[in-house]
$ cat protein-v7.cif   # mmCIF, N, CA and C atoms
data_coords
loop_
_atom_site.label_atom_id
_atom_site.label_comp_id
_atom_site.auth_asym_id
_atom_site.auth_seq_id
_atom_site.Cartn_x
_atom_site.Cartn_y
_atom_site.Cartn_z
N LEU L 11 20.10 19.98 68.68
CA LEU L 11 20.15 18.57 68.99
C LEU L 11 21.01 17.86 67.95
N VAL L 12 21.98 17.09 68.43
CA VAL L 12 22.87 16.36 67.54
C VAL L 12 22.21 15.07 67.07
N ARG L 13 22.36 14.83 65.80
CA ARG L 13 21.82 13.59 65.23
C ARG L 13 22.86 12.98 64.30
N LEU L 14 23.04 11.66 64.40
CA LEU L 14 24.00 10.95 63.57
C LEU L 14 23.25 9.97 62.67
N VAL L 15 23.56 10.00 61.39
CA VAL L 15 22.88 9.14 60.43
C VAL L 15 23.92 8.34 59.65
N GLU L 16 23.90 7.03 59.84
CA GLU L 16 24.85 6.15 59.17
C GLU L 16 24.28 5.62 57.85
N SER L 17 25.19 5.25 56.97
CA SER L 17 24.82 4.60 55.72
C SER L 17 26.02 3.81 55.21
N GLY L 18 25.77 2.95 54.24
CA GLY L 18 26.86 2.24 53.59
C GLY L 18 27.02 0.79 53.96
N GLY L 19 26.24 0.29 54.89
CA GLY L 19 26.32 -1.12 55.23
C GLY L 19 25.78 -1.99 54.11
N GLY L 20 25.96 -3.30 54.27
CA GLY L 20 25.46 -4.22 53.26
C GLY L 20 26.06 -5.60 53.43
N SER L 21 25.87 -6.41 52.40
CA SER L 21 26.38 -7.78 52.40
C SER L 21 27.46 -7.93 51.36
N VAL L 22 28.59 -8.50 51.76
CA VAL L 22 29.69 -8.73 50.83
C VAL L 22 30.31 -10.08 51.12
N GLN L 23 31.08 -10.56 50.17
CA GLN L 23 31.84 -11.79 50.40
C GLN L 23 33.17 -11.45 51.06
N ALA L 24 33.73 -12.43 51.72
CA ALA L 24 35.03 -12.24 52.36
C ALA L 24 36.05 -11.74 51.33
N GLY L 25 36.84 -10.78 51.78
CA GLY L 25 37.81 -10.16 50.89
C GLY L 25 37.30 -8.89 50.22
N GLY L 26 36.01 -8.65 50.33
CA GLY L 26 35.42 -7.47 49.72
C GLY L 26 35.58 -6.22 50.56
N SER L 27 34.99 -5.13 50.08
CA SER L 27 35.12 -3.83 50.75
C SER L 27 33.76 -3.16 50.90
N LEU L 28 33.67 -2.34 51.93
CA LEU L 28 32.52 -1.48 52.14
C LEU L 28 33.02 -0.16 52.71
N ARG L 29 32.26 0.89 52.48
CA ARG L 29 32.58 2.19 53.05
C ARG L 29 31.37 2.69 53.81
N LEU L 30 31.53 2.85 55.11
CA LEU L 30 30.46 3.38 55.94
C LEU L 30 30.60 4.90 56.05
N SER L 31 29.47 5.57 56.11
CA SER L 31 29.45 7.02 56.30
C SER L 31 28.56 7.37 57.48
N CYS L 32 28.89 8.43 58.15
CA CYS L 32 28.10 8.91 59.29
C CYS L 32 28.02 10.43 59.19
N ARG L 33 26.86 10.91 58.86
CA ARG L 33 26.66 12.37 58.74
C ARG L 33 26.16 12.89 60.08
N ALA L 34 26.82 13.92 60.57
CA ALA L 34 26.44 14.52 61.86
C ALA L 34 25.68 15.80 61.62
N PHE L 35 24.51 15.91 62.22
CA PHE L 35 23.68 17.10 62.12
C PHE L 35 23.65 17.78 63.50
N GLY L 36 23.67 19.09 63.48
CA GLY L 36 23.50 19.84 64.71
C GLY L 36 24.75 20.08 65.51
N ILE L 37 25.93 19.72 65.00
CA ILE L 37 27.14 19.98 65.77
C ILE L 37 27.61 21.40 65.48
N THR L 38 28.18 22.03 66.51
CA THR L 38 28.59 23.42 66.39
C THR L 38 30.08 23.60 66.63
N SER L 39 30.79 22.52 66.83
CA SER L 39 32.22 22.59 67.10
C SER L 39 32.90 21.36 66.52
N ASN L 40 34.19 21.52 66.17
CA ASN L 40 34.99 20.38 65.74
C ASN L 40 35.83 19.81 66.87
N THR L 41 35.61 20.33 68.09
CA THR L 41 36.31 19.78 69.26
C THR L 41 35.51 18.58 69.75
N ILE L 42 35.63 17.51 69.01
CA ILE L 42 34.84 16.32 69.27
C ILE L 42 35.67 15.08 69.02
N CYS L 43 35.22 13.99 69.59
CA CYS L 43 35.75 12.67 69.27
C CYS L 43 34.64 11.93 68.53
N MET L 44 35.01 11.23 67.49
CA MET L 44 34.04 10.41 66.78
C MET L 44 34.64 9.03 66.55
N GLY L 45 33.76 8.07 66.41
CA GLY L 45 34.28 6.73 66.19
C GLY L 45 33.21 5.77 65.73
N TRP L 46 33.68 4.57 65.41
CA TRP L 46 32.81 3.47 65.01
C TRP L 46 32.92 2.35 66.04
N PHE L 47 31.76 1.84 66.41
CA PHE L 47 31.66 0.71 67.31
C PHE L 47 30.84 -0.36 66.61
N ARG L 48 30.97 -1.60 67.05
CA ARG L 48 30.18 -2.66 66.44
C ARG L 48 29.73 -3.66 67.50
N GLN L 49 28.64 -4.31 67.18
CA GLN L 49 28.13 -5.34 68.08
C GLN L 49 27.58 -6.48 67.25
N ALA L 50 28.14 -7.65 67.48
CA ALA L 50 27.66 -8.86 66.82
C ALA L 50 26.66 -9.56 67.74
N PRO L 51 25.77 -10.37 67.19
CA PRO L 51 24.79 -11.07 68.01
C PRO L 51 25.46 -11.89 69.11
N GLY L 52 24.99 -11.70 70.34
CA GLY L 52 25.53 -12.46 71.45
C GLY L 52 26.86 -11.99 71.98
N LYS L 53 27.36 -10.90 71.44
CA LYS L 53 28.66 -10.38 71.88
C LYS L 53 28.51 -8.97 72.41
N GLU L 54 29.50 -8.56 73.18
CA GLU L 54 29.49 -7.19 73.71
C GLU L 54 29.90 -6.21 72.61
N ARG L 55 29.48 -4.98 72.80
CA ARG L 55 29.90 -3.93 71.88
C ARG L 55 31.41 -3.70 71.99
N GLU L 56 32.05 -3.48 70.85
CA GLU L 56 33.48 -3.19 70.86
C GLU L 56 33.79 -1.98 70.00
N GLY L 57 34.82 -1.26 70.41
CA GLY L 57 35.27 -0.14 69.61
C GLY L 57 36.06 -0.62 68.42
N VAL L 58 35.82 -0.03 67.27
CA VAL L 58 36.49 -0.42 66.04
C VAL L 58 37.58 0.59 65.67
N ALA L 59 37.20 1.87 65.60
CA ALA L 59 38.16 2.91 65.22
C ALA L 59 37.64 4.25 65.71
N SER L 60 38.55 5.15 66.01
CA SER L 60 38.16 6.47 66.48
C SER L 60 39.13 7.53 65.98
N ILE L 61 38.65 8.78 66.01
CA ILE L 61 39.47 9.91 65.61
C ILE L 61 39.12 11.08 66.52
N ASP L 62 40.15 11.75 67.04
CA ASP L 62 39.88 12.83 67.98
C ASP L 62 40.02 14.19 67.30
N ALA L 63 39.92 15.25 68.10
CA ALA L 63 39.92 16.60 67.57
C ALA L 63 41.25 16.96 66.90
N HIS L 64 42.33 16.26 67.27
CA HIS L 64 43.63 16.52 66.65
C HIS L 64 43.84 15.70 65.39
N GLY L 65 42.91 14.80 65.10
CA GLY L 65 43.05 13.93 63.94
C GLY L 65 43.78 12.64 64.24
N THR L 66 44.06 12.40 65.51
CA THR L 66 44.72 11.15 65.90
C THR L 66 43.73 10.00 65.79
N THR L 67 44.17 8.93 65.14
CA THR L 67 43.30 7.77 64.94
C THR L 67 43.79 6.57 65.74
N VAL L 68 42.84 5.76 66.15
CA VAL L 68 43.15 4.53 66.89
C VAL L 68 42.25 3.43 66.35
N TYR L 69 42.82 2.21 66.27
CA TYR L 69 42.07 1.07 65.76
C TYR L 69 42.18 -0.10 66.74
N THR L 70 41.13 -0.89 66.78
CA THR L 70 41.25 -2.12 67.52
C THR L 70 42.16 -3.06 66.72
N ASP L 71 42.86 -3.95 67.42
CA ASP L 71 43.88 -4.77 66.76
C ASP L 71 43.36 -5.58 65.58
N SER L 72 42.15 -6.08 65.69
CA SER L 72 41.65 -7.00 64.66
C SER L 72 41.39 -6.32 63.32
N VAL L 73 41.35 -4.99 63.27
CA VAL L 73 41.07 -4.31 62.01
C VAL L 73 42.25 -3.50 61.50
N LYS L 74 43.32 -3.47 62.25
CA LYS L 74 44.49 -2.70 61.82
C LYS L 74 45.00 -3.20 60.48
N GLY L 75 45.28 -2.25 59.58
CA GLY L 75 45.75 -2.60 58.25
C GLY L 75 44.65 -2.92 57.27
N ARG L 76 43.42 -3.03 57.74
CA ARG L 76 42.28 -3.33 56.85
C ARG L 76 41.26 -2.20 56.82
N PHE L 77 41.06 -1.53 57.95
CA PHE L 77 40.08 -0.45 58.05
C PHE L 77 40.78 0.89 58.16
N THR L 78 40.14 1.92 57.62
CA THR L 78 40.66 3.28 57.71
C THR L 78 39.54 4.23 58.09
N ILE L 79 39.74 4.97 59.19
CA ILE L 79 38.76 5.96 59.61
C ILE L 79 39.22 7.33 59.14
N SER L 80 38.26 8.15 58.73
CA SER L 80 38.59 9.51 58.31
C SER L 80 37.38 10.41 58.56
N LYS L 81 37.64 11.71 58.54
CA LYS L 81 36.55 12.65 58.82
C LYS L 81 36.69 13.86 57.91
N ASP L 82 35.59 14.26 57.34
CA ASP L 82 35.53 15.47 56.52
C ASP L 82 34.80 16.53 57.32
N ASN L 83 35.55 17.46 57.90
CA ASN L 83 34.93 18.47 58.77
C ASN L 83 33.98 19.39 57.99
N ALA L 84 34.30 19.65 56.74
CA ALA L 84 33.46 20.54 55.94
C ALA L 84 32.08 19.93 55.71
N LYS L 85 32.05 18.60 55.64
CA LYS L 85 30.78 17.91 55.41
C LYS L 85 30.19 17.32 56.69
N ASN L 86 30.89 17.51 57.81
CA ASN L 86 30.44 16.92 59.08
C ASN L 86 30.17 15.43 58.93
N THR L 87 31.06 14.76 58.24
CA THR L 87 30.85 13.35 57.94
C THR L 87 32.07 12.51 58.34
N LEU L 88 31.79 11.40 58.98
CA LEU L 88 32.80 10.42 59.39
C LEU L 88 32.69 9.23 58.46
N TYR L 89 33.85 8.67 58.11
CA TYR L 89 33.87 7.52 57.21
C TYR L 89 34.62 6.35 57.85
N LEU L 90 34.30 5.16 57.39
CA LEU L 90 35.08 3.97 57.74
C LEU L 90 35.22 3.14 56.46
N GLN L 91 36.41 3.16 55.90
CA GLN L 91 36.71 2.33 54.74
C GLN L 91 37.13 0.96 55.24
N MET L 92 36.41 -0.05 54.83
CA MET L 92 36.68 -1.41 55.30
C MET L 92 37.09 -2.28 54.12
N ASP L 93 38.32 -2.72 54.12
CA ASP L 93 38.85 -3.56 53.06
C ASP L 93 39.19 -4.95 53.60
N ASN L 94 39.31 -5.90 52.68
CA ASN L 94 39.65 -7.28 53.06
C ASN L 94 38.75 -7.76 54.21
N LEU L 95 37.47 -7.58 54.04
CA LEU L 95 36.52 -7.94 55.09
C LEU L 95 36.53 -9.43 55.36
N LYS L 96 36.29 -9.77 56.62
CA LYS L 96 36.27 -11.15 57.06
C LYS L 96 34.91 -11.47 57.68
N PRO L 97 34.52 -12.74 57.69
CA PRO L 97 33.22 -13.08 58.30
C PRO L 97 33.10 -12.59 59.74
N GLU L 98 34.19 -12.55 60.47
CA GLU L 98 34.14 -12.08 61.86
C GLU L 98 33.91 -10.57 61.98
N ASP L 99 33.90 -9.86 60.85
CA ASP L 99 33.55 -8.44 60.87
C ASP L 99 32.04 -8.23 60.83
N THR L 100 31.29 -9.30 60.65
CA THR L 100 29.84 -9.20 60.61
C THR L 100 29.31 -8.66 61.93
N ALA L 101 28.54 -7.57 61.85
CA ALA L 101 28.01 -6.92 63.05
C ALA L 101 27.16 -5.74 62.65
N MET L 102 26.48 -5.19 63.64
CA MET L 102 25.84 -3.88 63.47
C MET L 102 26.89 -2.85 63.84
N TYR L 103 27.09 -1.90 62.95
CA TYR L 103 28.09 -0.86 63.16
C TYR L 103 27.40 0.44 63.53
N TYR L 104 27.92 1.06 64.58
CA TYR L 104 27.34 2.30 65.10
C TYR L 104 28.37 3.41 65.07
N CYS L 105 27.92 4.58 64.68
CA CYS L 105 28.72 5.79 64.75
C CYS L 105 28.43 6.47 66.09
N ALA L 106 29.46 7.04 66.70
CA ALA L 106 29.27 7.73 67.98
C ALA L 106 30.08 9.01 68.01
N LEU L 107 29.62 9.95 68.82
CA LEU L 107 30.26 11.25 68.94
C LEU L 107 30.21 11.72 70.38
N LYS L 108 31.31 12.30 70.81
CA LYS L 108 31.34 12.91 72.14
C LYS L 108 32.07 14.24 72.04
N GLY L 109 31.46 15.28 72.54
CA GLY L 109 32.07 16.60 72.49
C GLY L 109 33.16 16.74 73.52
N GLY L 110 34.25 17.41 73.14
CA GLY L 110 35.34 17.66 74.07
C GLY L 110 36.67 17.17 73.55
N ARG L 111 37.73 17.56 74.27
CA ARG L 111 39.09 17.19 73.87
C ARG L 111 39.49 15.89 74.54
N TYR L 112 38.95 14.82 74.07
CA TYR L 112 39.28 13.49 74.59
C TYR L 112 40.22 12.79 73.63
N ALA L 113 41.10 12.00 74.18
CA ALA L 113 42.01 11.25 73.33
C ALA L 113 41.25 10.13 72.63
N SER L 114 41.62 9.89 71.40
CA SER L 114 40.91 8.87 70.63
C SER L 114 41.05 7.49 71.27
N SER L 115 42.17 7.22 71.92
CA SER L 115 42.35 5.91 72.56
C SER L 115 41.38 5.74 73.73
N TRP L 116 41.22 6.80 74.51
CA TRP L 116 40.25 6.75 75.62
C TRP L 116 38.85 6.55 75.07
N PHE L 117 38.51 7.29 74.04
CA PHE L 117 37.18 7.22 73.46
C PHE L 117 36.88 5.82 72.96
N LEU L 118 37.85 5.18 72.35
CA LEU L 118 37.61 3.87 71.76
C LEU L 118 37.55 2.76 72.80
N HIS L 119 38.39 2.85 73.80
CA HIS L 119 38.55 1.72 74.73
C HIS L 119 37.93 1.91 76.11
N LEU L 120 37.78 3.16 76.56
CA LEU L 120 37.35 3.40 77.94
C LEU L 120 36.02 4.14 78.08
N TRP L 121 35.58 4.80 77.05
CA TRP L 121 34.33 5.55 77.14
C TRP L 121 33.17 4.58 77.37
N THR L 122 32.30 4.96 78.31
CA THR L 122 31.18 4.09 78.67
C THR L 122 30.02 4.18 77.68
N GLY L 123 30.07 5.18 76.81
CA GLY L 123 28.96 5.37 75.89
C GLY L 123 27.96 6.41 76.36
N ARG L 124 28.16 6.90 77.55
CA ARG L 124 27.23 7.89 78.10
C ARG L 124 27.67 9.31 77.74
N ASP L 125 26.72 10.23 77.87
CA ASP L 125 27.01 11.65 77.62
C ASP L 125 27.57 11.88 76.23
N GLY L 126 27.02 11.19 75.28
CA GLY L 126 27.42 11.36 73.89
C GLY L 126 26.24 11.05 73.00
N TYR L 127 26.54 10.86 71.74
CA TYR L 127 25.48 10.63 70.76
C TYR L 127 25.78 9.38 69.93
N TRP L 128 24.71 8.70 69.55
CA TRP L 128 24.84 7.46 68.78
C TRP L 128 23.93 7.50 67.57
N GLY L 129 24.40 6.86 66.49
CA GLY L 129 23.55 6.69 65.34
C GLY L 129 22.66 5.47 65.51
N GLN L 130 21.85 5.21 64.51
CA GLN L 130 20.90 4.11 64.59
C GLN L 130 21.52 2.77 64.20
N GLY L 131 22.69 2.81 63.60
CA GLY L 131 23.38 1.58 63.23
C GLY L 131 23.16 1.21 61.78
N THR L 132 24.17 0.53 61.22
CA THR L 132 24.07 0.02 59.85
C THR L 132 24.66 -1.39 59.86
N GLN L 133 23.96 -2.32 59.23
CA GLN L 133 24.34 -3.73 59.29
C GLN L 133 25.42 -4.05 58.25
N VAL L 134 26.42 -4.80 58.69
CA VAL L 134 27.46 -5.31 57.79
C VAL L 134 27.45 -6.83 57.92
N ILE L 135 27.32 -7.50 56.78
CA ILE L 135 27.33 -8.96 56.75
C ILE L 135 28.40 -9.41 55.78
N VAL L 136 29.31 -10.24 56.26
CA VAL L 136 30.40 -10.75 55.43
C VAL L 136 30.27 -12.27 55.37
N SER L 137 30.10 -12.78 54.17
CA SER L 137 29.94 -14.21 53.99
C SER L 137 31.25 -14.84 53.52
N SER L 138 31.43 -16.09 53.91
CA SER L 138 32.68 -16.79 53.56
C SER L 138 32.57 -17.46 52.21
#

$ encode --input "protein-v7.cif" --output "structure tokens"
Amino acid sequence: LVRLVESGGGSVQAGGSLRLSCRAFGITSNTICMGWFRQAPGKEREGVASIDAHGTTVYTDSVKGRFTISKDNAKNTLYLQMDNLKPEDTAMYYCALKGGRYASSWFLHLWTGRDGYWGQGTQVIVSS
């Protein structure tokens, strides 16, 4: 059974940085797509960044140049380095994983969230 455990959220002032981590337990292959999604109160969930089995990364426009997604296969851990944070980045951040050779762009923008795995979420609060 696959389990995802996030950590690294917190409260920072605008312009600050945070690094989120997502440790994956129970995976048996690196042919997977992983990514970060977020949901702010009263808003729909949106994809933030993703990385596919080839290492191709995709970002939503609002975080390009500020966030960096990376994955350490040896540690089965996904990261999201978030720099120059803005109040509009405030949200619950979720790590997600889907097995298979899916393009990171599809995973971030078109995946329905089904037939995959989700973490419990980690809160990010950015104050102005």

$ resolve_selection --input "protein-v7.cif" --expression "the PyMOL selection byres ((chain L and resi 90) around 8)" --output "number ranges by chain"
L: 28-32, 46, 77-81, 87-89, 91-93

$ residues_around --input "protein-v7.cif" --residues "Thr132 of chain L" --least-positions-apart "5" --cutoff "5 Å" --atoms "all atoms listed in the file" --output "list in words"
Gly19, Met102 and Tyr103 of chain L

$ write_last_selection --input "protein-v7.cif" --atoms "N, CA and C atoms" --output "PDB file, in the coordinates of the input"
ATOM      1  N   GLY L  19      26.240   0.290  54.890  1.00  0.00           N
ATOM      2  CA  GLY L  19      26.320  -1.120  55.230  1.00  0.00           C
ATOM      3  C   GLY L  19      25.780  -1.990  54.110  1.00  0.00           C
ATOM      4  N   MET L 102      26.480  -5.190  63.640  1.00  0.00           N
ATOM      5  CA  MET L 102      25.840  -3.880  63.470  1.00  0.00           C
ATOM      6  C   MET L 102      26.890  -2.850  63.840  1.00  0.00           C
ATOM      7  N   TYR L 103      27.090  -1.900  62.950  1.00  0.00           N
ATOM      8  CA  TYR L 103      28.090  -0.860  63.160  1.00  0.00           C
ATOM      9  C   TYR L 103      27.400   0.440  63.530  1.00  0.00           C
TER      10      TYR L 103
END

$ resolve_selection --input "protein-v7.cif" --expression "the PyMOL selection byres ((chain L and resi 21) around 7)" --output "PyMOL selection string"
chain L and resi 19-20+22-23+133-137

$ residues_around --input "protein-v7.cif" --residues "Asn40 of chain L" --least-positions-apart "4" --cutoff "8 Å" --atoms "all atoms listed in the file" --output "short mmCIF file (atom, residue, chain, number, x, y, z; two decimals) with N, CA and C atoms, in the frame of the given file"
data_model
loop_
_atom_site.label_atom_id
_atom_site.label_comp_id
_atom_site.auth_asym_id
_atom_site.auth_seq_id
_atom_site.Cartn_x
_atom_site.Cartn_y
_atom_site.Cartn_z
N ASP L 62 40.15 11.75 67.04
CA ASP L 62 39.88 12.83 67.98
C ASP L 62 40.02 14.19 67.30
N ALA L 63 39.92 15.25 68.10
CA ALA L 63 39.92 16.60 67.57
C ALA L 63 41.25 16.96 66.90
N HIS L 64 42.33 16.26 67.27
CA HIS L 64 43.63 16.52 66.65
C HIS L 64 43.84 15.70 65.39
N ASN L 83 35.55 17.46 57.90
CA ASN L 83 34.93 18.47 58.77
C ASN L 83 33.98 19.39 57.99
N GLY L 109 31.46 15.28 72.54
CA GLY L 109 32.07 16.60 72.49
C GLY L 109 33.16 16.74 73.52
N GLY L 110 34.25 17.41 73.14
CA GLY L 110 35.34 17.66 74.07
C GLY L 110 36.67 17.17 73.55
N ARG L 111 37.73 17.56 74.27
CA ARG L 111 39.09 17.19 73.87
C ARG L 111 39.49 15.89 74.54
#

$ closest_residue --input "protein-v7.cif" --among "L:Ala113, L:Val15, L:Asp125, L:Asp99" --to "Arg33 of chain L" --atoms "only N, CA and C atoms"
L:Val15

$ residues_around --input "protein-v7.cif" --residues "Arg55 of chain L" --least-positions-apart "5" --cutoff "10 Å" --atoms "only C-alpha atoms" --output "NGL selection string"
:L and (47-50 or 101-104)

$ residues_around --input "protein-v7.cif" --residues "Thr66 of chain L" --least-positions-apart "5" --cutoff "8 Å" --atoms "only N, CA and C atoms" --output "ChimeraX atom specification"
/L:60-61,113-115

$ residues_around --input "protein-v7.cif" --residues "segment 34-38 of chain L" --least-positions-apart "5" --cutoff "5 Å" --atoms "all atoms listed in the file" --output "list in words"
Leu11, Val12, Arg13, Leu14, Asn86 and Thr87 of chain L

$ atom_distance --input "protein-v7.cif" --atom1 "atom CA of Met44 of chain L" --atom2 "atom C of Asp82 of chain L"
11.3 Å

$ atom_distance --input "protein-v7.cif" --atom1 "atom N of Val68 of chain L" --atom2 "atom N of Leu118 of chain L"
8.0 Å

$ axis_aligned_box --input "protein-v7.cif" --around "segment 111-128 of chain L" --padding-each-side "8 Å" --output "AutoDock Vina command-line options"
--center_x 33.1 --center_y 9.6 --center_z 73.1 --size_x 34.4 --size_y 31.8 --size_z 27.1

$ atom_distance --input "protein-v7.cif" --atom1 "atom N of Thr100 of chain L" --atom2 "atom CA of Lys53 of chain L"
11.6 Å

$ select_by_dssp --input "protein-v7.cif" --residues "chain L" --states "strand (DSSP E)" --output "PyMOL selection string"
chain L and resi 13-17+20-23+28-35+42-49+56-61+67-69+77-82+87-92+101-109+127-128+132-137

$ select_by_dssp --input "protein-v7.cif" --residues "segment 11-103 of chain L" --states "helix (DSSP H, G or I)" --output "MDAnalysis selection string"
chainID L and resid 71:73 97:99

$ closest_residue --input "protein-v7.cif" --among "L:Ala59, L:Leu120, L:Ala84, L:Ala106" --to "Cys43 of chain L" --atoms "only N, CA and C atoms"
L:Ala106
